[in-house]
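S.K.: This is the structure I want to talk about, given as structure tokens.
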Amino acid sequence: LSAAYQQEIGLPSQSACGKRFSLMVNSGLAIELETTAPQYTDGVGLYRTEFPFIMRSRFPTEQEQVELYRKVLEMYPGRPVIMRTLDVGGDKALPYFSIVEENPFLGWRGIRLTLDHPEIFLVQIRAMLKANLALDNLYILLPMISDLAEVDESLRLIKQACFEVSDELAIELPKPQVGVMIEVPSIMYQLPELARKVDFCSIGTNDLTQYLLAVDRNNPRVASLYDAMHPAVLRALYQLVQQAQGLQFAISVCGELAGEPAGVLLLAAMGYSSFSMNSSNLAKIKWLLRRVEMSELALLLPEVLACTSAKHVRLHIHRFLEQKQ
Ligand code: PEP
Ligand code: MG
């Protein structure tokens, strides 16, 4: 089957009835090793900048970061590359920046840490802006936002970094679009305010599932409770896309759910059309989406949303998927 998927990798990302999708890749460390060639994707939907930080024994300098980011932006000329600012803390530790906490997933993570250390944030944004100079395909994404004040402070620092770089290089800079990860439940209820402040949002279903269900995403003892197909998570995802559409706020999904056949079908049925996934899943997801009619997804959605357990949701979708494969 994987040969069949590969045969269609160069064909348009659209349903059997012609609805277009945007399929992007998630990336971190060695982007050049990704299994899907850049020309077959719509860009990078999530570049996790923490990986190069984790691999080093000290913070990379601004110049090292410029080179790193430029390499990624250059691989996708004319296509968006969504770079997420440093998302450490939680399960991702830097060997040279120790954080000891009782509750790391509820603690000093992502934007909370970098706003407390604006020098880390500013250097990173400056490096991204410099890398983007001749390319203009950079989008900046903010992780772990739980409060609008964090958005305001991040935007203020991004503006400052823009000012500093244009001053230093004495040129006008291309202004990147800025977006927010929807992965902490609180921010789901502030979408209208968010839409007025930033250009786009991207749902991190891995953390959103963890925080909605209060289940540690890495703890094997509670692994059976961690399920993005939990009816509450699905209802949250449905509400989010409906609200975003009403606000004309660009929304996409970059958590693992988007790279799962059952997950992407459900998301497409809800109205999502922009997905980012590990590159190893892209050919399969494109192949699948090319075989579905939006009208059959429209029939599937109410049945699935009426399910009372993740198990039933999965059963329902697997029955549907069996007819496709
Ligand atoms: C997520 O939380 O869904 C996500 C995409 O980010 P990460 O897995 O890096 O936390
Ligand atoms: Mg996350």
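Each chain of the structure tokens is named A, B, ... in the order shown, its residues numbered from 1; ligands are numbered from 1 in display order.
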Got a sec: who's within 9 Å of Lys311 of chain A, counting only C-alpha atoms, leaving out chain neighbours fewer than 4 positions off, as a PDB file with C-alpha atoms, in the first residue's frame?
M.R.:
```
ATOM      1  CA  MET A 229     -10.826  10.770  20.161  1.00  0.00           C
ATOM      2  CA  HIS A 230     -12.407  11.369  23.561  1.00  0.00           C
ATOM      3  CA  CYS A 307     -20.639   8.737  20.406  1.00  0.00           C
ATOM      4  CA  LEU A 315     -15.117   1.790  15.816  1.00  0.00           C
ATOM      5  CA  HIS A 316     -17.284   4.078  13.747  1.00  0.00           C
TER       6      HIS A 316
END
```
S.K.: Can you list, as an MDAnalysis selection string, every protein, DNA or RNA residue that comes within 10 Å of segment 194-205 of chain A when you count only C-alpha atoms, leaving out same-chain residues fewer than 5 positions away?
M.R.: chainID A and resid 45:46 82 139:144 147:148 151:152 155 176:184 187:189 210:212 227:228 233 237 240:241 244 247:258 274:276
S.K.: How would the residues just chosen look if you wrote them out with N, CA and C atoms as a compact mmCIF listing (two decimals), in the first residue's frame?
M.R.:
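That gives us part_26.txt:
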```txt
# COMPACT_ATOMS: atom_id res chain seq x y z
N GLY A 45 4.41 23.19 8.61
CA GLY A 45 3.34 23.67 9.49
C GLY A 45 3.78 23.84 10.92
N LEU A 46 4.87 23.15 11.25
CA LEU A 46 5.42 23.29 12.61
C LEU A 46 6.90 22.93 12.59
N ILE A 82 6.42 27.65 9.31
CA ILE A 82 5.92 28.15 10.59
C ILE A 82 6.89 27.73 11.69
N TYR A 139 6.82 32.39 9.24
CA TYR A 139 5.67 32.63 10.10
C TYR A 139 6.14 32.29 11.51
N ILE A 140 5.74 33.07 12.49
CA ILE A 140 6.18 32.79 13.87
C ILE A 140 5.00 32.26 14.68
N LEU A 141 5.26 31.19 15.44
CA LEU A 141 4.19 30.53 16.21
C LEU A 141 4.58 30.50 17.70
N LEU A 142 3.62 30.88 18.56
CA LEU A 142 3.90 30.98 20.00
C LEU A 142 3.30 29.78 20.75
N PRO A 143 4.12 29.03 21.48
CA PRO A 143 3.63 27.81 22.16
C PRO A 143 3.12 28.07 23.57
N MET A 144 2.16 27.26 24.03
CA MET A 144 1.70 27.25 25.42
C MET A 144 1.06 28.54 25.88
N ASP A 147 -2.95 32.84 28.14
CA ASP A 147 -3.47 34.12 28.61
C ASP A 147 -3.16 35.19 27.55
N LEU A 148 -4.08 36.12 27.35
CA LEU A 148 -3.89 37.12 26.30
C LEU A 148 -2.71 38.05 26.58
N VAL A 151 0.28 37.00 24.85
CA VAL A 151 0.28 37.34 23.41
C VAL A 151 0.76 38.78 23.25
N ASP A 152 0.22 39.68 24.08
CA ASP A 152 0.60 41.09 23.98
C ASP A 152 2.10 41.27 24.21
N LEU A 155 4.08 39.93 21.24
CA LEU A 155 4.01 40.83 20.09
C LEU A 155 4.88 42.07 20.30
N PRO A 176 6.87 39.14 9.37
CA PRO A 176 6.26 37.80 9.37
C PRO A 176 4.88 37.82 10.02
N GLN A 177 4.03 36.88 9.59
CA GLN A 177 2.76 36.70 10.29
C GLN A 177 3.04 35.99 11.61
N VAL A 178 2.20 36.27 12.59
CA VAL A 178 2.38 35.66 13.92
C VAL A 178 1.13 34.86 14.27
N GLY A 179 1.33 33.69 14.86
CA GLY A 179 0.22 32.84 15.25
C GLY A 179 0.40 32.27 16.65
N VAL A 180 -0.66 31.66 17.13
CA VAL A 180 -0.66 31.12 18.50
C VAL A 180 -1.05 29.64 18.45
N MET A 181 -0.37 28.84 19.24
CA MET A 181 -0.76 27.43 19.39
C MET A 181 -2.00 27.38 20.29
N ILE A 182 -3.00 26.63 19.88
CA ILE A 182 -4.15 26.37 20.75
C ILE A 182 -3.88 25.01 21.38
N GLU A 183 -3.36 25.02 22.59
CA GLU A 183 -3.05 23.74 23.24
C GLU A 183 -3.35 23.78 24.74
N VAL A 184 -3.70 24.95 25.25
CA VAL A 184 -4.14 25.08 26.64
C VAL A 184 -5.62 25.46 26.59
N ILE A 187 -7.36 29.20 26.39
CA ILE A 187 -7.31 30.11 25.24
C ILE A 187 -8.39 29.78 24.20
N MET A 188 -8.95 28.57 24.32
CA MET A 188 -10.07 28.21 23.44
C MET A 188 -11.25 29.15 23.63
N TYR A 189 -11.36 29.69 24.82
CA TYR A 189 -12.52 30.54 25.14
C TYR A 189 -12.23 32.01 24.87
N GLN A 210 -4.01 16.39 26.42
CA GLN A 210 -3.44 16.22 27.77
C GLN A 210 -4.10 17.16 28.78
N TYR A 211 -4.29 18.42 28.37
CA TYR A 211 -4.79 19.40 29.34
C TYR A 211 -6.32 19.34 29.49
N LEU A 212 -7.02 18.97 28.41
CA LEU A 212 -8.48 18.85 28.55
C LEU A 212 -8.84 17.65 29.43
N ASP A 227 -6.57 10.04 25.02
CA ASP A 227 -7.09 9.72 23.70
C ASP A 227 -7.72 10.96 23.06
N ALA A 228 -7.14 11.36 21.94
CA ALA A 228 -7.65 12.56 21.25
C ALA A 228 -9.04 12.32 20.66
N VAL A 233 -12.85 16.01 23.63
CA VAL A 233 -11.82 16.62 22.78
C VAL A 233 -12.41 16.89 21.39
N LEU A 237 -12.73 20.44 19.45
CA LEU A 237 -12.15 20.69 18.12
C LEU A 237 -13.21 21.20 17.15
N LEU A 240 -14.02 24.78 18.00
CA LEU A 240 -12.93 25.68 17.59
C LEU A 240 -13.02 26.03 16.11
N VAL A 241 -13.23 25.02 15.27
CA VAL A 241 -13.23 25.30 13.82
C VAL A 241 -14.46 26.13 13.45
N ALA A 244 -13.71 29.68 14.58
CA ALA A 244 -12.67 30.30 13.74
C ALA A 244 -13.25 30.69 12.39
N LEU A 247 -15.15 33.80 12.60
CA LEU A 247 -14.28 34.97 12.80
C LEU A 247 -13.36 35.22 11.60
N GLN A 248 -13.42 34.31 10.62
CA GLN A 248 -12.48 34.31 9.49
C GLN A 248 -11.04 34.33 9.99
N PHE A 249 -10.80 33.49 10.96
CA PHE A 249 -9.49 33.38 11.61
C PHE A 249 -8.84 32.09 11.09
N ALA A 250 -7.66 32.21 10.48
CA ALA A 250 -7.02 31.04 9.89
C ALA A 250 -6.68 30.02 10.98
N ILE A 251 -7.10 28.78 10.78
CA ILE A 251 -6.89 27.75 11.80
C ILE A 251 -6.36 26.49 11.12
N SER A 252 -5.41 25.84 11.77
CA SER A 252 -4.91 24.57 11.24
C SER A 252 -4.63 23.64 12.41
N VAL A 253 -4.30 22.40 12.10
CA VAL A 253 -4.02 21.41 13.15
C VAL A 253 -2.63 20.85 12.93
N CYS A 254 -1.80 20.90 13.98
CA CYS A 254 -0.44 20.37 13.82
C CYS A 254 -0.13 19.26 14.83
N GLY A 255 -1.09 18.84 15.63
CA GLY A 255 -0.84 17.72 16.55
C GLY A 255 -0.87 16.39 15.81
N GLU A 256 -0.52 15.33 16.51
CA GLU A 256 -0.42 14.01 15.87
C GLU A 256 -1.73 13.56 15.22
N LEU A 257 -2.85 14.05 15.76
CA LEU A 257 -4.16 13.63 15.24
C LEU A 257 -4.28 13.87 13.74
N ALA A 258 -3.66 14.95 13.26
CA ALA A 258 -3.76 15.29 11.84
C ALA A 258 -3.03 14.29 10.95
N SER A 274 -6.56 22.53 6.81
CA SER A 274 -5.10 22.71 6.84
C SER A 274 -4.50 21.83 7.93
N PHE A 275 -3.60 20.95 7.52
CA PHE A 275 -3.05 19.95 8.44
C PHE A 275 -1.54 19.90 8.34
N SER A 276 -0.90 19.71 9.48
CA SER A 276 0.55 19.52 9.46
C SER A 276 0.87 18.24 10.22
```
S.K.: Segment 6-221 of chain A: which residues are strand (DSSP E) by DSSP, as JSON, numbers by chain?
M.R.: {"A": [22, 23, 24, 25, 26, 27, 44, 45, 46, 47, 48, 81, 82, 83, 84, 138, 139, 140, 141, 142, 177, 178, 179, 180, 181, 182, 200, 201, 202, 203]}
S.K.: Closest to Ser295 of chain A among A:Cys17, A:Leu267, A:Ala3, A:Leu129, using only C-alpha atoms?
M.R.: A:Cys17
S.K.: Please provide the set of residues having any atom within 10 Å of Leu300 of chain A, restricted to only C-alpha atoms, with same-chain residues fewer than 6 positions apart removed, written as JSON, numbers by chain.
M.R.: {"A": [265, 266, 269, 270, 294, 316, 317, 320]}
S.K.: Would you write out those residues with C-alpha atoms, as a PDB file, in the first residue's frame?
M.R.:
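What landed in out.pdb:
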```
ATOM      1  CA  LEU A 265     -11.037  12.281   8.369  1.00  0.00           C
ATOM      2  CA  LEU A 266     -12.818  13.585  11.412  1.00  0.00           C
ATOM      3  CA  ALA A 269     -15.525  16.374   8.350  1.00  0.00           C
ATOM      4  CA  MET A 270     -15.604  19.143  10.956  1.00  0.00           C
ATOM      5  CA  MET A 294     -17.260  15.647   1.590  1.00  0.00           C
ATOM      6  CA  HIS A 316     -17.284   4.078  13.747  1.00  0.00           C
ATOM      7  CA  ILE A 317     -14.440   5.586  11.785  1.00  0.00           C
ATOM      8  CA  PHE A 320     -15.814   3.838   7.356  1.00  0.00           C
TER       9      PHE A 320
END
```
S.K.: What parts of segment 24-265 of chain A does DSSP call helix (DSSP H, G or I)? I'd like the answer as a PyMOL selection string.
M.R.: chain A and resi 31-33+38-40+50-54+62-75+104-106+111-116+118-131+148-169+185-188+191-197+205-213+220-225+231-247+256-259+261-265
S.K.: Counting only C-alpha atoms, which residue out of A:Val88, A:Met24, A:Ile158, A:Leu94 sits closest to Ile54 of chain A?
M.R.: A:Leu94
S.K.: Tell me, as a list in words, which residues lie within 8 Å of Val165 of chain A, counting only C-alpha atoms; anything in the same chain fewer than 5 positions away does not count.
M.R.: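 Non-adjacent residues within range: Arg126, Leu129, Lys130, Ala170 and Leu173 of chain A.
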S.K.: Include C-alpha atoms and write out the residues we just selected as a CSV table (one decimal), in the first residue's frame.
M.R.:
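What follows is the written file part22.csv:
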```csv
chain,number,residue,atom,x,y,z
A,126,ARG,CA,16.1,38.3,15.7
A,129,LEU,CA,14.1,37.7,11.1
A,130,LYS,CA,17.6,37.8,9.7
A,170,ALA,CA,19.7,49.6,8.0
A,173,LEU,CA,12.3,44.0,7.0
```
S.K.: Pick out the residues sitting within 10 Å of Arg291 of chain A, and hand them over as a PyMOL selection string; count only C-alpha atoms, and ignore anything fewer than 6 positions along from it in its own chain.
M.R.: chain A and resi 14-17+324-325
S.K.: Rank A:Asn206, A:Gln242, A:Thr41, A:Gln323 by their smallest atom-to-atom distance to ligand 2, using only C-alpha atoms and all ligand atoms, and report the top residue only.
M.R.: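 That would be A:Asn206, the residue with the smallest distance to ligand 2.
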S.K.: Give me the residues near Ile111 of chain A as a list of chain:residue names, where near means some atom within 8 Å (using only C-alpha atoms) and where sequence neighbours in that chain fewer than 3 positions away do not count.
M.R.: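 The neighbour list is A:Thr85, A:Leu86, A:Asp87, A:Thr114, A:Leu115, A:Leu142, A:Pro143, A:Met144, A:Ile145, A:Glu150.
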S.K.: Counting only C-alpha atoms, figure out which residue out of A:Pro38, A:Pro192, A:Gly110, A:Gly271 gets nearest to Arg20 of chain A.
M.R.: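 Comparing A:Pro38, A:Pro192, A:Gly110, A:Gly271 against Arg20 of chain A, the winner is A:Gly271.
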